[in-house]
Structures are given as C-alpha cells and as structure tokens.
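Accompanying notes for the structure given below.
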Amino acid sequence: MDPEAKKKALRKIVHGVYVIGVRGEGKLNAFTATWVSQVSFEPPLVMIAVRKASISHQMIEQSKVFVINLLASGQKLLAQHFLKPAHLGGDKLEGIPHRLGVTEAPILQEAAAYLECRVREIHTGGDHSIVIGEVIEAGVQQDVEPLTLKETGWQYGG
Ligand SMILES: Cc1cc2nc3c(=O)[nH]c(=O)nc-3n(C[C@H](O)[C@H](O)[C@H](O)COP(=O)(O)O)c2cc1C
C-alpha cells in the first residue's frame, strides 16, 4: 500500500468536531474529538474512538458514561481549548460554563446540542478504543450549523 494514498484517502472522510465530557473517580474532564458516529437507530447507539493513552480513556472505563457536546460553527476556539492533554495539569473545565447531566458528566453551556451516553461496549481497536454508547438523554441548546473539521483547518486521521 502507498502510505501517502492511504493518508490522503483517510483524510477525505468528512468529520465534525465535538467535545466529549467525561467523569471518573470524583473528577471531571473533557476533550476534543472528531472520530464520532451514530451506529444504530434502535437502540440509539453512537461510537467515539478514544486514544488509549489519554486520561479521558481511563475515566470512561471507570464511570462507563460520556457526553458528546456538539459544537456550533464558529466555536473553533472552544474546541481548541479542549485539545490540551489533561496530564499537563490544570482543570480544562475551569472557567467554561457547564452543568452535569443525568450521567453526571459535563454538558457545556455553549454547545449547540448534547448526547448523554451510557457505555455499552469498549472494543480494543488499535491505538484508540472504540467506545459504543447508548444515548440516554439528548438536548438542543441552539439549533445552528455544526462545527466541521474542515472549518477548523485541522487534520486528525491518516
Ligand atoms: C483535530 C483533532 C481531533 C481529535 N480527535 C480525537 C478523537 O476522535 N479521539 C481522541 O481520543 N482524541 C482525539 N484528539 C486528541 C485529543 O483531543 C487529545 O489527545 C486530548 O489531549 C485528550 O484529552 P485528555 O488528555 O484530557 O484525556 C484529537 C485531536 C485533534 C487535534
């Protein structure tokens, strides 16, 4: 396989940009993700791919819940804030208005919409685990256009 072709082709998959809210052992966190998709109508299932080396991965394994915060077009700076790895210290949610949902994971006040999920399965995958969650609560806070990976100019894939 031509590695350049593989990278180029994989980067043609169209993605949105999300902030995944998580909790674990008394702590909250959130991180920016783009590998997100619906995978079933009934029951309503979604998948997120979570980097195994991240703190958020450990937290999802502990609490078995997560929230997909769907960002609005124009919210690149908000997404950028949550790219910072938690292990570099500091609470990424400090100063960012949020509340806890039924899953007790963080819902961002500025998010266009949110999906609260209970983990059904965690597949080993490769360097990211494939986490499948059942949507148990949802809300639309502003019915606007979503933030896309294309709009940010970032790449994650290849
Ligand atoms: C454009 C972009 C998209 C990303 N998408 C994902 C993703 O889908 N899943 C993931 O685990 N990490 C993704 N990341 C990396 C995480 O945002 C990053 O590893 C973050 O530090 C993890 O958060 P934590 O250290 O607080 O757990 C992405 C990074 C960028 C730049």
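Residue names in the structure tokens use chain letters A, B, ... in the order shown, residue numbers from 1 in each chain, and ligand numbers from 1 in the order shown.
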
Report as a Markdown table the residues of chain A within 10 Å of ligand 1, each with its shortest atom pair and distance in Å (one decimal), using only C-alpha atoms and all ligand atoms, ordered by chain and increasing residue number.
```
| residue | atom | partner | partner_atom_place_in_ligand_line | distance |
| --- | --- | --- | --- | --- |
| A:His15 | CA | ligand 1 | 3 (C) | 9.3 |
| A:Gly16 | CA | ligand 1 | 3 (C) | 9.2 |
| A:Val17 | CA | ligand 1 | 3 (C) | 7.2 |
| A:Tyr18 | CA | ligand 1 | 5 (N) | 8.3 |
| A:Val19 | CA | ligand 1 | 17 (O) | 8.4 |
| A:Ile20 | CA | ligand 1 | 9 (N) | 8.8 |
| A:Gly21 | CA | ligand 1 | 26 (O) | 9.7 |
| A:Val22 | CA | ligand 1 | 27 (O) | 8.9 |
| A:Leu28 | CA | ligand 1 | 26 (O) | 9.7 |
| A:Asn29 | CA | ligand 1 | 26 (O) | 6.2 |
| A:Ala30 | CA | ligand 1 | 26 (O) | 6.0 |
| A:Phe31 | CA | ligand 1 | 23 (O) | 4.4 |
| A:Thr32 | CA | ligand 1 | 17 (O) | 4.2 |
| A:Ala33 | CA | ligand 1 | 5 (N) | 3.3 |
| A:Thr34 | CA | ligand 1 | 8 (O) | 4.0 |
| A:Trp35 | CA | ligand 1 | 8 (O) | 3.8 |
| A:Val36 | CA | ligand 1 | 8 (O) | 6.5 |
| A:Met47 | CA | ligand 1 | 8 (O) | 10.0 |
| A:Ile48 | CA | ligand 1 | 8 (O) | 6.6 |
| A:Ala49 | CA | ligand 1 | 9 (N) | 5.0 |
| A:Val50 | CA | ligand 1 | 11 (O) | 3.3 |
| A:Arg51 | CA | ligand 1 | 11 (O) | 3.7 |
| A:Lys52 | CA | ligand 1 | 11 (O) | 7.2 |
| A:Ala53 | CA | ligand 1 | 27 (O) | 8.0 |
| A:Ser54 | CA | ligand 1 | 27 (O) | 4.2 |
| A:Ile55 | CA | ligand 1 | 27 (O) | 4.0 |
| A:Ser56 | CA | ligand 1 | 27 (O) | 3.7 |
| A:His57 | CA | ligand 1 | 27 (O) | 6.5 |
| A:Gln58 | CA | ligand 1 | 27 (O) | 8.3 |
| A:Met59 | CA | ligand 1 | 27 (O) | 8.4 |
| A:Ile60 | CA | ligand 1 | 27 (O) | 9.8 |
| A:Ala79 | CA | ligand 1 | 17 (O) | 8.7 |
| A:Gln80 | CA | ligand 1 | 31 (C) | 7.9 |
| A:His81 | CA | ligand 1 | 17 (O) | 9.3 |
| A:Phe82 | CA | ligand 1 | 17 (O) | 6.4 |
| A:Leu83 | CA | ligand 1 | 17 (O) | 4.1 |
| A:Lys84 | CA | ligand 1 | 21 (O) | 4.7 |
| A:Pro85 | CA | ligand 1 | 21 (O) | 3.2 |
| A:Ala86 | CA | ligand 1 | 26 (O) | 3.6 |
| A:His87 | CA | ligand 1 | 25 (O) | 5.9 |
| A:Leu88 | CA | ligand 1 | 25 (O) | 7.9 |
| A:Gly89 | CA | ligand 1 | 26 (O) | 9.3 |
| A:Gly90 | CA | ligand 1 | 26 (O) | 10.0 |
| A:Asp91 | CA | ligand 1 | 26 (O) | 9.2 |
| A:Lys92 | CA | ligand 1 | 26 (O) | 7.8 |
| A:Asp127 | CA | ligand 1 | 11 (O) | 9.1 |
| A:His128 | CA | ligand 1 | 11 (O) | 6.4 |
| A:Ser129 | CA | ligand 1 | 11 (O) | 8.2 |
| A:Ile130 | CA | ligand 1 | 9 (N) | 9.4 |
| A:Thr148 | CA | ligand 1 | 1 (C) | 9.9 |
| A:Leu149 | CA | ligand 1 | 1 (C) | 6.7 |
| A:Lys150 | CA | ligand 1 | 1 (C) | 9.7 |
| A:Thr152 | CA | ligand 1 | 1 (C) | 8.0 |
| A:Gly153 | CA | ligand 1 | 1 (C) | 8.5 |
| A:Trp154 | CA | ligand 1 | 1 (C) | 5.1 |
| A:Gln155 | CA | ligand 1 | 1 (C) | 5.2 |
| A:Tyr156 | CA | ligand 1 | 1 (C) | 4.7 |
| A:Gly157 | CA | ligand 1 | 3 (C) | 8.1 |
```

Exercise. Run DSSP on the backbone and give me the residues of segment 17-129 of chain A it puts in strand (DSSP E or B), as JSON, numbers by chain.
Key: {"A": [18, 19, 20, 21, 22, 23, 24, 27, 28, 29, 30, 31, 32, 33, 36, 37, 38, 39, 40, 45, 46, 47, 48, 49, 50, 51, 65, 66, 67, 68, 69, 70, 72, 98, 99, 100, 106, 107, 108, 113, 114, 115, 116, 117, 118, 119, 120, 121, 122, 123, 128, 129]}

Quiz item: So which residues touch Tyr114 of chain A within 8 Å, counting only C-alpha atoms, skipping near sequence neighbours fewer than 6 positions away, as a list in words?
Solution: Val67, Ile68, Asn69, Leu70, Ile107, Ala138, Gly139 and Val140 of chain A

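Across A:Leu100, A:Val135, A:Leu77, A:Leu93, the tightest approach to Cys117 of chain A is made by A:Val135 when counting only C-alpha atoms.
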
Quiz item: From the list A:Ala111, A:Ile132, A:Leu10, A:Ala105, which residue is nearest Lys76 of chain A when using only C-alpha atoms?
Solution: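 Counting only C-alpha atoms, the residue closest to Lys76 of chain A is A:Ala111.
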
Self-check item: Which of chain A fall in helix (DSSP H, G or I), as a PyMOL selection string
Solution: chain A and resi 3-10+55-63+76-81+86-88+149-152

Exercise. Please provide as number ranges by chain all residues within 9 Å of Pro3 of chain A, with the sequence filter that same-chain residues fewer than 4 positions apart are discarded (counting only C-alpha atoms).
Key: A: 7-8, 158

Exercise. Mind giving me the straight-line distance from atom CA of Leu147 of chain A to atom CA of Leu78 of chain A in Å, one decimal?
Key: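 Computed distance, atom CA of Leu147 of chain A to atom CA of Leu78 of chain A, equals 10.6 Å.
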
Quiz item: Hey, can you check how far atom CA of Pro146 of chain A sits from atom CA of Arg99 of chain A?
Solution: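 Distance reported for this atom pair: 20.9 Å.
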
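Note that the spacing between atom CA of Val144 of chain A and atom CA of Arg23 of chain A amounts to 27.3 Å.
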
Quiz item: For Gly133 of chain A, which residue out of A:Asp2, A:Glu42, A:Glu116, A:Glu25 is the nearest one, using only C-alpha atoms?
Solution: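 That would be A:Glu116, the residue with the smallest distance to Gly133 of chain A.
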